[in-house]
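These notes are about the structure you will find just below.
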Amino acid sequence: MKRSKLILLTVLCFCFCISYGKAQQGGKLKMWYDKPAKVWNEALPIGNGRLAAMVFGDPSNEKLQLNESTFWSGGPSRNDNPDGLSVLDSVRYYIFKEDYQRADMLANRGLTAKQLHGSMFQTVGDLNISFNGNKNYTGYYRELDLEKAVFTTTFKVDGVTFKREVFASQPDQVIVIRLTADKPGKLTFTTSFDGPLQKTSKALDAQTLEMTGLSSTHEGVTGQVKFDARARIINTGGTTAIEGNKINVINANEVIIQVSIATNFTDYKTLSTNETEKCANYLSAVEKKPYSSILKSHVAAFQKYFNRVGFDLGISPAAKLPTDVRIQNFSKTYDPALVSMYYQFGRYLLISSSQPGGQPANLQGIWNGSVYPAWDSKYTININTEMNYWPAEKCNMSEMHEPLIQMIKELSETGKQTAKTMYGCDGWVAHHNTDLWRICGVVDFANAGLWPMGGAWLSQHLWEKYLYNGDLKYLESVYPVLKSACEFYQDFLIEEPTHKWLVVSPSISPENFPDRHSSALSAGTTMDNQILFDLFTKTIKTAKLLKKDSDLMTEFQKILDRLPPMRIGVYGQLQEWMGDWDNPENKHRHVSHLYGLFPGNQITPDATPELFDAARTVLVHRGDVSTGWSMGWKINLWARLLDGNHALNLITDQLTLVDPVNSGNNGGTYPNLFDAHPPFQIDGNFGCTSGITEMLLQSHDGAIDILPALPDDWKKGSISGLKAYGGFEVSVSWENNQVQKIVIKSNMGGNCRLRVPNEVELAGGKSMITASGENSNPFFETVKVKTPLISASAKLQPVNLKKTWLYDLPTKAGKTYTIIRK
């Protein structure tokens with residue numbers, strides 16, 4: 001009997017171990033791989049908003065490529081061209097005379113920055129952990145758990161199972177590495193720092209490594225940012241010994257490595273922080289804490305944000321494969337769980353790269369392995385930085401928006417000098433790029449950089465945040481920024497000679513130019529007009545809410561009334577420029593003139609059907625496949641066009657595997673789910689997360705629109721915790737493409753107007769109120785744009801919309817309401 005029990009117990013234990021092992025491999029929100037990363041675009045990202053690492057997971061030579069958000073080239077600097085005023089009138093003259101080549105020449109001489117075109121976000125270097133004898137490994141497994149923000153690698157060597165766990169703790173401000181083996185005394189390795197910008201690398205004692213460094217001198221600005229990086233080794237069992245600038249760990253049972261990095265950055269004007277003390281203090285504060293405690297506080301801090309939103313599209317057998325294989329197969333298989341994981345990966349990245357009190361996510365978020373990254377890994381503010389933050393509010397990560405809001409406030413200060421020096425104007429201005437030092441001048445060259453609208457676009461985020469939180473105190477804090485932005489254009493706008501409209505000149509339609517012109521320079525581009533419409537409209541609304549500056553707002557309204565209307569050209573397209581210059585064969589990645597469709601709300605099917613159809617024509621002309629971030633934008637645009645099937649086609653295009661070494665020219669996704677422009681740009685990740693949200697929930701057009709662009713293939717699913725205007729939190733489940741259940745949490749009260757694809761009722765059988773007239777909730781106020789000018793040759797198509805039901809639900813703050821299918 002005892003023998004039988006022993007056999008049974010052994011079998012049960014064996015079965016448990018087998019099932020446990022399988023449970024650890026993959027999972028709904030676990031990115032996993034069956035081989036180590038060989039190159040950067042295969043490594044996996046961790047971050048806490050300030051510190052970041054790309055973890056490779058090599059059994060023999062583990063590498064953590066390290067970043068710190070304030071380690072940039074140069075130092076406090078400006079790039080305003082002092083000759084701007086001397087050429088401004090001439091540049092405008094030649095633009096109106098259509099001598100664009102002459103205007104371009106003068107602009108490059110007098111308006112483009114003379115030397116500094118922005119600083120570079122730079123790598124700190126690498127932490128290396130080298131093992132002898134680990135080359136012949138088996139059972140390799142590598143994962144990034146998106147729910148816990150923990151990287152894990154396991155493998156076997158000579159019958160010993162090794163495990164590594166890595167995470168970046170926000171509460172403790174260190175990167176933590178835990179190395180274990182299932183047999184005692186098996187951890188023997190060498191660890192060291194190295195970096196391209198290091199000044200010193202040494203062992204301070206037998207348990208502490210230190211590397212110091214200095215950022216690069218770039219474009220005439222001396223490198224002034226100093227860093228101090230330290231790694232504290234805490235071993236259980238075994239010994240440690242110094243070998244030159246390395247530390248050897250010998251025969252340990254468990255090893256914890258805590259990595260701290262700090263710079264002398266204080267703020268964009270000041271470099272006075274003692275980086276050595278700051279770095280050491282982080283380590284001192286965490287040194288005595290148990291690993292379990294550090295991990296627990298890390299997971300809790302991360303999940304505070306991450307767990308707010310759940311997303312389920314179901315699962316298929318494809319989910320059993322490694323993530324890179326799933327990407328490669330996505331267009332040929334049914335793998336809805338890859339979409340939901342990719343969606344949550346975007347949220348993971350924003351939480352990991354943008355934390356309150358820190359820097360905003362830049363062109364690569366917070367992950368960059370180079371001293372000379374593509375486009376300097378700056379803040380490109382003619383689409384890319386804005387796109388980074390499209391998911392922040394709607395995907396219930398409002399706190400992650402704070403670093404961008406703070407940067408906009410800082411730009412409004414540095415931009416005042418730019419406005420005065422370059423244009424002789426009051427207010428503030430920023431062009432198409434900025435950096436850690438908040439430069440606002442024209443970078444690169446006129447055809448790319450002479451776009452004085454970057455600050456105006458960024459300012460939209462200030463109002464957008466208010467629509468979600470309804471906080472008048474917050475709105476009062478950003479009102480001076482909005483007002484000052486308008487004051488710049490009050491001085492800068494010029495009357496164009498034909499229609500007497502007020503236009504921005506000189507300017508461009510970002511990074512594109514008409515085929516017939518030798519320069520991108522123009523006046524009154526459609527995007528500029530749309531952004532100004534929003535800027536002045538929202539500033540006037542803000543002043544009214546705060547009961548401020550009524551006389552000034554009267555003047556702002558006069559300017560608003562004189563802005564050009566949108567125009568529809570000969571091909572039935574929304575014109576990109578005032579002239580009907582569009583080429584339907586142009587496949588340019590930027591679709592700037594569709595700003596009014598998304599992220600703006602000036603183009604909607606009911607209020608502006610002609611513009612709605614003209615916007616659709618533009619997207620058809622431009623095509624789908626493009627750079628990664630462009631496809632991310634187009635997902636949002638097709639969602640706003642209420643075409644979920646087309647949006648899903650673009651998700652499929654974006655989830656096309658791109659070779660991590662030889663990336664080619666087409667956009668897609670790298671094996672580690674990073675967006676490929678190529679090269680890597682993080683905005684595509686954020687853009688797709690935003691776009692998927694727009695497919696399932698919209699609140700820009702007078703109501704909360706439930707499942708407005710649901711693809712046919714997503715027959716069953718659920719999403720919870722999304723945010724809508726007016727402070728509403730929304731959860732939805734559906735089946736057979738019909739709403740089954742909606743849960744509304746009202747944080748501010750007020751009327752909740754719902755647009756749904758099928759009839760619904762309140763739980764308990766109480767009927768919903770059929771909506772009529774304007775929505776009484778002021779957060780859902782729609783805009784009224786000018787009637788478009790339409791070419792006589794344009795052939796517009798009628799807008800055919802699916803039938804929907806519109807309901808009003810009066811709500812009270814703090815109450816939750818459940819609605820079910822009727």
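Ligands are numbered from 1 in the order shown, residues from 1 within each chain, and chains are lettered A, B, ... in the order they appear in the structure tokens.
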Shell of 9 Å around His700 of chain A, only C-alpha atoms, local chain residues under 5 positions omitted, as an mmCIF file with C-alpha atoms, in the first residue's frame:
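See part17.cif below for the written result:
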data_model
loop_
_atom_site.group_PDB
_atom_site.id
_atom_site.type_symbol
_atom_site.label_atom_id
_atom_site.label_comp_id
_atom_site.auth_asym_id
_atom_site.auth_seq_id
_atom_site.Cartn_x
_atom_site.Cartn_y
_atom_site.Cartn_z
ATOM 1 C CA GLY A 600 -8.660 66.139 -34.900
ATOM 2 C CA ASN A 601 -12.448 65.953 -35.103
ATOM 3 C CA ASP A 705 -19.355 55.357 -30.115
ATOM 4 C CA ALA A 724 -13.832 58.505 -23.050
ATOM 5 C CA TYR A 725 -14.391 62.239 -22.964
ATOM 6 C CA PHE A 780 -18.958 66.277 -26.211
ATOM 7 C CA GLU A 781 -19.483 69.590 -27.960
ATOM 8 C CA THR A 782 -18.752 69.197 -31.664
#
Apply DSSP to the backbone of this structure and, from segment 24-112 of chain A, keep only the residues in alpha helix (DSSP H); write these as JSON, numbers by chain. {"A": [24, 84, 85, 86, 87, 88, 89, 90, 91, 92, 93, 94, 95, 96, 100, 101, 102, 103, 104, 105, 106, 107, 108, 109, 110]}
Residues as selected, C-alpha atoms, written as a PDB file, in the first residue's frame, can you do that?
ATOM      1  CA  GLN A  24       5.543  28.866 -17.887  1.00  0.00           C
ATOM      2  CA  GLY A  84      15.338  85.302 -39.605  1.00  0.00           C
ATOM      3  CA  LEU A  85      13.790  88.752 -39.587  1.00  0.00           C
ATOM      4  CA  SER A  86      16.106  89.963 -42.335  1.00  0.00           C
ATOM      5  CA  VAL A  87      14.819  87.366 -44.820  1.00  0.00           C
ATOM      6  CA  LEU A  88      11.251  86.720 -43.642  1.00  0.00           C
ATOM      7  CA  ASP A  89       9.496  89.262 -45.842  1.00  0.00           C
ATOM      8  CA  SER A  90      11.493  88.212 -48.892  1.00  0.00           C
ATOM      9  CA  VAL A  91      10.743  84.520 -48.356  1.00  0.00           C
ATOM     10  CA  ARG A  92       7.039  85.320 -48.102  1.00  0.00           C
ATOM     11  CA  TYR A  93       7.216  87.508 -51.208  1.00  0.00           C
ATOM     12  CA  TYR A  94       8.744  84.752 -53.316  1.00  0.00           C
ATOM     13  CA  ILE A  95       6.278  82.149 -52.034  1.00  0.00           C
ATOM     14  CA  PHE A  96       3.337  84.300 -53.118  1.00  0.00           C
ATOM     15  CA  TYR A 100       9.676  78.524 -54.507  1.00  0.00           C
ATOM     16  CA  GLN A 101      13.306  77.820 -55.354  1.00  0.00           C
ATOM     17  CA  ARG A 102      14.315  81.373 -54.492  1.00  0.00           C
ATOM     18  CA  ALA A 103      12.248  81.252 -51.299  1.00  0.00           C
ATOM     19  CA  ASP A 104      13.918  77.994 -50.335  1.00  0.00           C
ATOM     20  CA  MET A 105      17.411  79.407 -50.869  1.00  0.00           C
ATOM     21  CA  LEU A 106      16.706  82.446 -48.705  1.00  0.00           C
ATOM     22  CA  ALA A 107      15.031  80.367 -46.013  1.00  0.00           C
ATOM     23  CA  ASN A 108      17.990  78.019 -45.712  1.00  0.00           C
ATOM     24  CA  ARG A 109      20.298  81.005 -45.392  1.00  0.00           C
ATOM     25  CA  GLY A 110      18.332  83.047 -42.910  1.00  0.00           C
TER      26      GLY A 110
END
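Reported to one decimal place, the separation of atom CA of Asp58 of chain A from atom CA of Gln344 of chain A is 25.8 Å.
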Any idea what's packed within 10 Å of Lys766 of chain A, counting only C-alpha atoms, ignoring anything in its chain fewer than 5 positions away? Could you give it as a ChimeraX atom specification? /A:760-761,819
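The shell of residues at most 8 Å from segment 201-211 of chain A, with only C-alpha atoms counted and near chain neighbours (fewer than 6 positions) removed, consists of Ser192, Phe193, Asp194, Asp228, Ala229, Arg230, Ala231, Arg232, Ile233, Ile234, Thr240, Ala241, Ile242, Gly244, Asn245, Lys246 and Ile247 of chain A.
The closest residue to Gln224 of chain A, picked from A:Gln557, A:Gly75, A:Pro564, A:Tyr379 and counting only C-alpha atoms, is A:Gly75.
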Within 8 Å of segment 252-255 of chain A using only C-alpha atoms, minus same-chain residues under 2 positions, as a ChimeraX atom specification: /A:178-181,183-188,233-239,249-250,257
Serialized selection, N, CA, C and O atoms, as a PDB file, in the first residue's frame:
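Wrote it out as selection_32.pdb, contents follow:
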ATOM      1  N   ARG A 178      18.468  38.921 -11.240  1.00  0.00           N
ATOM      2  CA  ARG A 178      18.595  37.787 -10.314  1.00  0.00           C
ATOM      3  C   ARG A 178      19.007  36.563 -11.106  1.00  0.00           C
ATOM      4  O   ARG A 178      18.341  36.189 -12.077  1.00  0.00           O
ATOM      5  N   LEU A 179      20.103  35.918 -10.689  1.00  0.00           N
ATOM      6  CA  LEU A 179      20.607  34.720 -11.332  1.00  0.00           C
ATOM      7  C   LEU A 179      20.520  33.567 -10.352  1.00  0.00           C
ATOM      8  O   LEU A 179      20.987  33.676  -9.202  1.00  0.00           O
ATOM      9  N   THR A 180      19.926  32.458 -10.790  1.00  0.00           N
ATOM     10  CA  THR A 180      19.795  31.288  -9.933  1.00  0.00           C
ATOM     11  C   THR A 180      20.088  30.027 -10.737  1.00  0.00           C
ATOM     12  O   THR A 180      20.079  30.031 -11.980  1.00  0.00           O
ATOM     13  N   ALA A 181      20.347  28.955 -10.008  1.00  0.00           N
ATOM     14  CA  ALA A 181      20.498  27.625 -10.597  1.00  0.00           C
ATOM     15  C   ALA A 181      19.816  26.630  -9.666  1.00  0.00           C
ATOM     16  O   ALA A 181      19.686  26.870  -8.460  1.00  0.00           O
ATOM     17  N   LYS A 183      20.893  23.834  -8.742  1.00  0.00           N
ATOM     18  CA  LYS A 183      21.872  23.109  -7.944  1.00  0.00           C
ATOM     19  C   LYS A 183      22.836  24.118  -7.332  1.00  0.00           C
ATOM     20  O   LYS A 183      23.182  25.118  -7.959  1.00  0.00           O
ATOM     21  N   PRO A 184      23.268  23.875  -6.088  1.00  0.00           N
ATOM     22  CA  PRO A 184      24.113  24.864  -5.406  1.00  0.00           C
ATOM     23  C   PRO A 184      25.509  24.980  -6.010  1.00  0.00           C
ATOM     24  O   PRO A 184      26.031  24.024  -6.591  1.00  0.00           O
ATOM     25  N   GLY A 185      26.057  26.203  -5.883  1.00  0.00           N
ATOM     26  CA  GLY A 185      27.444  26.455  -6.273  1.00  0.00           C
ATOM     27  C   GLY A 185      27.707  26.464  -7.761  1.00  0.00           C
ATOM     28  O   GLY A 185      28.856  26.352  -8.196  1.00  0.00           O
ATOM     29  N   LYS A 186      26.680  26.625  -8.585  1.00  0.00           N
ATOM     30  CA  LYS A 186      26.838  26.509 -10.042  1.00  0.00           C
ATOM     31  C   LYS A 186      26.935  27.873 -10.760  1.00  0.00           C
ATOM     32  O   LYS A 186      27.025  27.892 -11.985  1.00  0.00           O
ATOM     33  N   LEU A 187      26.896  28.962 -10.032  1.00  0.00           N
ATOM     34  CA  LEU A 187      26.967  30.277 -10.675  1.00  0.00           C
ATOM     35  C   LEU A 187      28.391  30.809 -10.609  1.00  0.00           C
ATOM     36  O   LEU A 187      28.868  31.263  -9.558  1.00  0.00           O
ATOM     37  N   THR A 188      29.067  30.732 -11.738  1.00  0.00           N
ATOM     38  CA  THR A 188      30.428  31.254 -11.867  1.00  0.00           C
ATOM     39  C   THR A 188      30.472  32.109 -13.133  1.00  0.00           C
ATOM     40  O   THR A 188      30.185  31.614 -14.228  1.00  0.00           O
ATOM     41  N   ILE A 233      26.860  43.753  -6.608  1.00  0.00           N
ATOM     42  CA  ILE A 233      26.720  42.304  -6.699  1.00  0.00           C
ATOM     43  C   ILE A 233      26.512  41.745  -5.301  1.00  0.00           C
ATOM     44  O   ILE A 233      27.344  41.946  -4.408  1.00  0.00           O
ATOM     45  N   ILE A 234      25.390  41.067  -5.107  1.00  0.00           N
ATOM     46  CA  ILE A 234      25.048  40.487  -3.810  1.00  0.00           C
ATOM     47  C   ILE A 234      24.930  38.980  -4.013  1.00  0.00           C
ATOM     48  O   ILE A 234      23.954  38.502  -4.606  1.00  0.00           O
ATOM     49  N   ASN A 235      25.917  38.249  -3.548  1.00  0.00           N
ATOM     50  CA  ASN A 235      25.952  36.812  -3.783  1.00  0.00           C
ATOM     51  C   ASN A 235      25.575  36.030  -2.534  1.00  0.00           C
ATOM     52  O   ASN A 235      25.902  36.407  -1.407  1.00  0.00           O
ATOM     53  N   THR A 236      24.842  34.945  -2.749  1.00  0.00           N
ATOM     54  CA  THR A 236      24.557  33.982  -1.698  1.00  0.00           C
ATOM     55  C   THR A 236      25.411  32.755  -1.983  1.00  0.00           C
ATOM     56  O   THR A 236      25.226  32.098  -3.013  1.00  0.00           O
ATOM     57  N   GLY A 237      26.335  32.446  -1.085  1.00  0.00           N
ATOM     58  CA  GLY A 237      27.274  31.370  -1.341  1.00  0.00           C
ATOM     59  C   GLY A 237      28.362  31.826  -2.301  1.00  0.00           C
ATOM     60  O   GLY A 237      28.241  32.844  -2.989  1.00  0.00           O
ATOM     61  N   GLY A 238      29.443  31.073  -2.353  1.00  0.00           N
ATOM     62  CA  GLY A 238      30.531  31.403  -3.261  1.00  0.00           C
ATOM     63  C   GLY A 238      31.309  32.626  -2.830  1.00  0.00           C
ATOM     64  O   GLY A 238      31.143  33.149  -1.724  1.00  0.00           O
ATOM     65  N   THR A 239      32.143  33.104  -3.730  1.00  0.00           N
ATOM     66  CA  THR A 239      33.010  34.245  -3.449  1.00  0.00           C
ATOM     67  C   THR A 239      33.020  35.204  -4.633  1.00  0.00           C
ATOM     68  O   THR A 239      32.596  34.859  -5.735  1.00  0.00           O
ATOM     69  N   VAL A 249      32.582  36.226 -10.060  1.00  0.00           N
ATOM     70  CA  VAL A 249      31.752  35.535  -9.073  1.00  0.00           C
ATOM     71  C   VAL A 249      32.024  34.050  -9.225  1.00  0.00           C
ATOM     72  O   VAL A 249      31.959  33.507 -10.336  1.00  0.00           O
ATOM     73  N   ILE A 250      32.318  33.374  -8.104  1.00  0.00           N
ATOM     74  CA  ILE A 250      32.766  31.987  -8.170  1.00  0.00           C
ATOM     75  C   ILE A 250      31.887  31.112  -7.279  1.00  0.00           C
ATOM     76  O   ILE A 250      31.749  31.362  -6.075  1.00  0.00           O
ATOM     77  N   ILE A 257      22.125  41.336  -8.855  1.00  0.00           N
ATOM     78  CA  ILE A 257      22.891  42.496  -9.327  1.00  0.00           C
ATOM     79  C   ILE A 257      21.936  43.672  -9.411  1.00  0.00           C
ATOM     80  O   ILE A 257      20.907  43.600 -10.092  1.00  0.00           O
TER      81      ILE A 257
END
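Here atom CA of Lys35 of chain A and atom CA of Arg326 of chain A stand 14.5 Å from one another.
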One decimal place gives the atom CA of Gly74 of chain A-atom CA of Gly449 of chain A separation as 20.5 Å
Under the rule of at most 9 Å, produce a per-residue listing of segment 612-662 of chain A near segment 685-694 of chain A: chain, number, name, the closest pair of atoms, and the distance in Å, as CSV, using only C-alpha atoms.
residue,atom,partner,partner_atom,distance
A:Gly628,CA,A:Asn685,CA,8.3
A:Trp629,CA,A:Gly687,CA,6.7
A:Ser630,CA,A:Gly687,CA,8.6
A:Met631,CA,A:Cys688,CA,8.0
A:Gly632,CA,A:Gly687,CA,4.6
A:Trp633,CA,A:Gly687,CA,5.7
A:Lys634,CA,A:Gly691,CA,8.0
A:Ile635,CA,A:Gly691,CA,5.1
A:Asn636,CA,A:Gly691,CA,4.1
A:Leu637,CA,A:Gly691,CA,7.8
A:Trp638,CA,A:Gly691,CA,8.6
A:Ala639,CA,A:Glu694,CA,5.8
A:Arg640,CA,A:Glu694,CA,7.1
A:Ala647,CA,A:Gly691,CA,8.1
A:Leu648,CA,A:Ile692,CA,8.7
A:Ile651,CA,A:Cys688,CA,7.4
A:Gln654,CA,A:Cys688,CA,8.4
Please produce a file of the residues just selected, as a short mmCIF file (atom, residue, chain, number, x, y, z; two decimals), in the first residue's frame, where the atoms kept are N, CA, C and O atoms.
data_model
loop_
_atom_site.label_atom_id
_atom_site.label_comp_id
_atom_site.auth_asym_id
_atom_site.auth_seq_id
_atom_site.Cartn_x
_atom_site.Cartn_y
_atom_site.Cartn_z
N GLY A 628 6.49 51.97 -40.79
CA GLY A 628 5.72 51.42 -39.69
C GLY A 628 4.82 52.43 -39.02
O GLY A 628 3.63 52.17 -38.79
N TRP A 629 5.37 53.61 -38.71
CA TRP A 629 4.57 54.61 -38.01
C TRP A 629 3.45 55.14 -38.89
O TRP A 629 2.36 55.45 -38.40
N SER A 630 3.69 55.23 -40.20
CA SER A 630 2.65 55.71 -41.11
C SER A 630 1.48 54.74 -41.14
O SER A 630 0.31 55.16 -41.13
N MET A 631 1.78 53.44 -41.13
CA MET A 631 0.69 52.47 -41.09
C MET A 631 -0.06 52.57 -39.76
O MET A 631 -1.29 52.41 -39.71
N GLY A 632 0.67 52.87 -38.67
CA GLY A 632 0.01 53.08 -37.39
C GLY A 632 -0.97 54.23 -37.45
O GLY A 632 -2.09 54.16 -36.90
N TRP A 633 -0.59 55.34 -38.08
CA TRP A 633 -1.49 56.48 -38.23
C TRP A 633 -2.71 56.09 -39.06
O TRP A 633 -3.85 56.43 -38.75
N LYS A 634 -2.46 55.35 -40.14
CA LYS A 634 -3.55 55.00 -41.04
C LYS A 634 -4.58 54.08 -40.38
O LYS A 634 -5.77 54.10 -40.74
N ILE A 635 -4.16 53.27 -39.42
CA ILE A 635 -5.13 52.45 -38.68
C ILE A 635 -6.14 53.37 -37.98
O ILE A 635 -7.35 53.14 -38.02
N ASN A 636 -5.62 54.43 -37.35
CA ASN A 636 -6.50 55.41 -36.71
C ASN A 636 -7.42 56.08 -37.71
O ASN A 636 -8.61 56.30 -37.44
N LEU A 637 -6.88 56.41 -38.87
CA LEU A 637 -7.66 57.12 -39.88
C LEU A 637 -8.77 56.24 -40.45
O LEU A 637 -9.92 56.69 -40.61
N TRP A 638 -8.46 54.99 -40.75
CA TRP A 638 -9.50 54.10 -41.26
C TRP A 638 -10.54 53.79 -40.19
O TRP A 638 -11.73 53.60 -40.48
N ALA A 639 -10.10 53.77 -38.93
CA ALA A 639 -11.07 53.60 -37.84
C ALA A 639 -12.02 54.78 -37.80
O ALA A 639 -13.24 54.61 -37.62
N ARG A 640 -11.48 55.99 -37.98
CA ARG A 640 -12.34 57.17 -38.00
C ARG A 640 -13.25 57.18 -39.23
O ARG A 640 -14.34 57.76 -39.20
N ALA A 647 -8.95 48.80 -41.54
CA ALA A 647 -8.03 49.03 -40.42
C ALA A 647 -7.32 47.72 -40.06
O ALA A 647 -6.11 47.72 -39.78
N LEU A 648 -8.04 46.61 -40.07
CA LEU A 648 -7.42 45.32 -39.77
C LEU A 648 -6.40 44.93 -40.83
O LEU A 648 -5.37 44.33 -40.52
N ILE A 651 -3.34 46.62 -39.78
CA ILE A 651 -2.71 45.93 -38.65
C ILE A 651 -1.92 44.73 -39.16
O ILE A 651 -0.79 44.47 -38.72
N GLN A 654 1.18 46.01 -40.66
CA GLN A 654 2.14 46.45 -39.65
C GLN A 654 2.77 45.25 -38.94
O GLN A 654 3.94 45.28 -38.58
#
Which of segment 344-412 of chain A fall in strand (DSSP E or B), as a PyMOL selection string: chain A and resi 362+365+379-380
Just want the 9 Å neighbourhood of Leu214 of chain A, counted on only C-alpha atoms, with same-chain residues fewer than 2 positions away dropped. Output as a PyMOL selection string. chain A and resi 71+73+197-199+212+216+223-227
Save the residues we just selected, N, CA and C atoms, as a compact mmCIF listing (two decimals), in the first residue's frame?
# COMPACT_ATOMS: atom_id res chain seq x y z
N PHE A 71 20.57 61.28 -20.61
CA PHE A 71 21.93 61.22 -21.15
C PHE A 71 21.88 61.56 -22.65
N SER A 73 23.68 64.23 -25.86
CA SER A 73 24.87 64.97 -26.25
C SER A 73 24.71 66.45 -25.91
N LEU A 197 31.24 55.85 -24.58
CA LEU A 197 31.50 57.19 -24.05
C LEU A 197 32.04 57.15 -22.62
N GLN A 198 32.56 56.01 -22.23
CA GLN A 198 33.07 55.88 -20.88
C GLN A 198 34.35 56.67 -20.68
N LYS A 199 34.51 57.18 -19.47
CA LYS A 199 35.76 57.83 -19.06
C LYS A 199 36.55 56.91 -18.15
N THR A 212 32.01 55.60 -15.41
CA THR A 212 31.63 57.00 -15.58
C THR A 212 31.82 57.38 -17.05
N SER A 216 28.64 63.20 -25.86
CA SER A 216 29.40 63.68 -27.01
C SER A 216 29.27 65.18 -27.22
N GLY A 223 30.01 68.38 -25.17
CA GLY A 223 29.34 67.39 -24.33
C GLY A 223 29.51 67.73 -22.86
N GLN A 224 28.40 67.86 -22.16
CA GLN A 224 28.44 68.30 -20.76
C GLN A 224 27.68 67.39 -19.81
N VAL A 225 26.98 66.38 -20.33
CA VAL A 225 26.20 65.50 -19.46
C VAL A 225 27.11 64.37 -18.98
N LYS A 226 27.29 64.29 -17.68
CA LYS A 226 28.12 63.25 -17.08
C LYS A 226 27.22 62.16 -16.49
N PHE A 227 27.66 60.92 -16.60
CA PHE A 227 26.90 59.84 -15.97
C PHE A 227 27.79 59.06 -15.02
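Between Asn512 of chain A and the residues A:Tyr291, A:Tyr343, A:Trp581, A:Tyr282, the shortest atom-to-atom distance, using only C-alpha atoms, involves A:Trp581.
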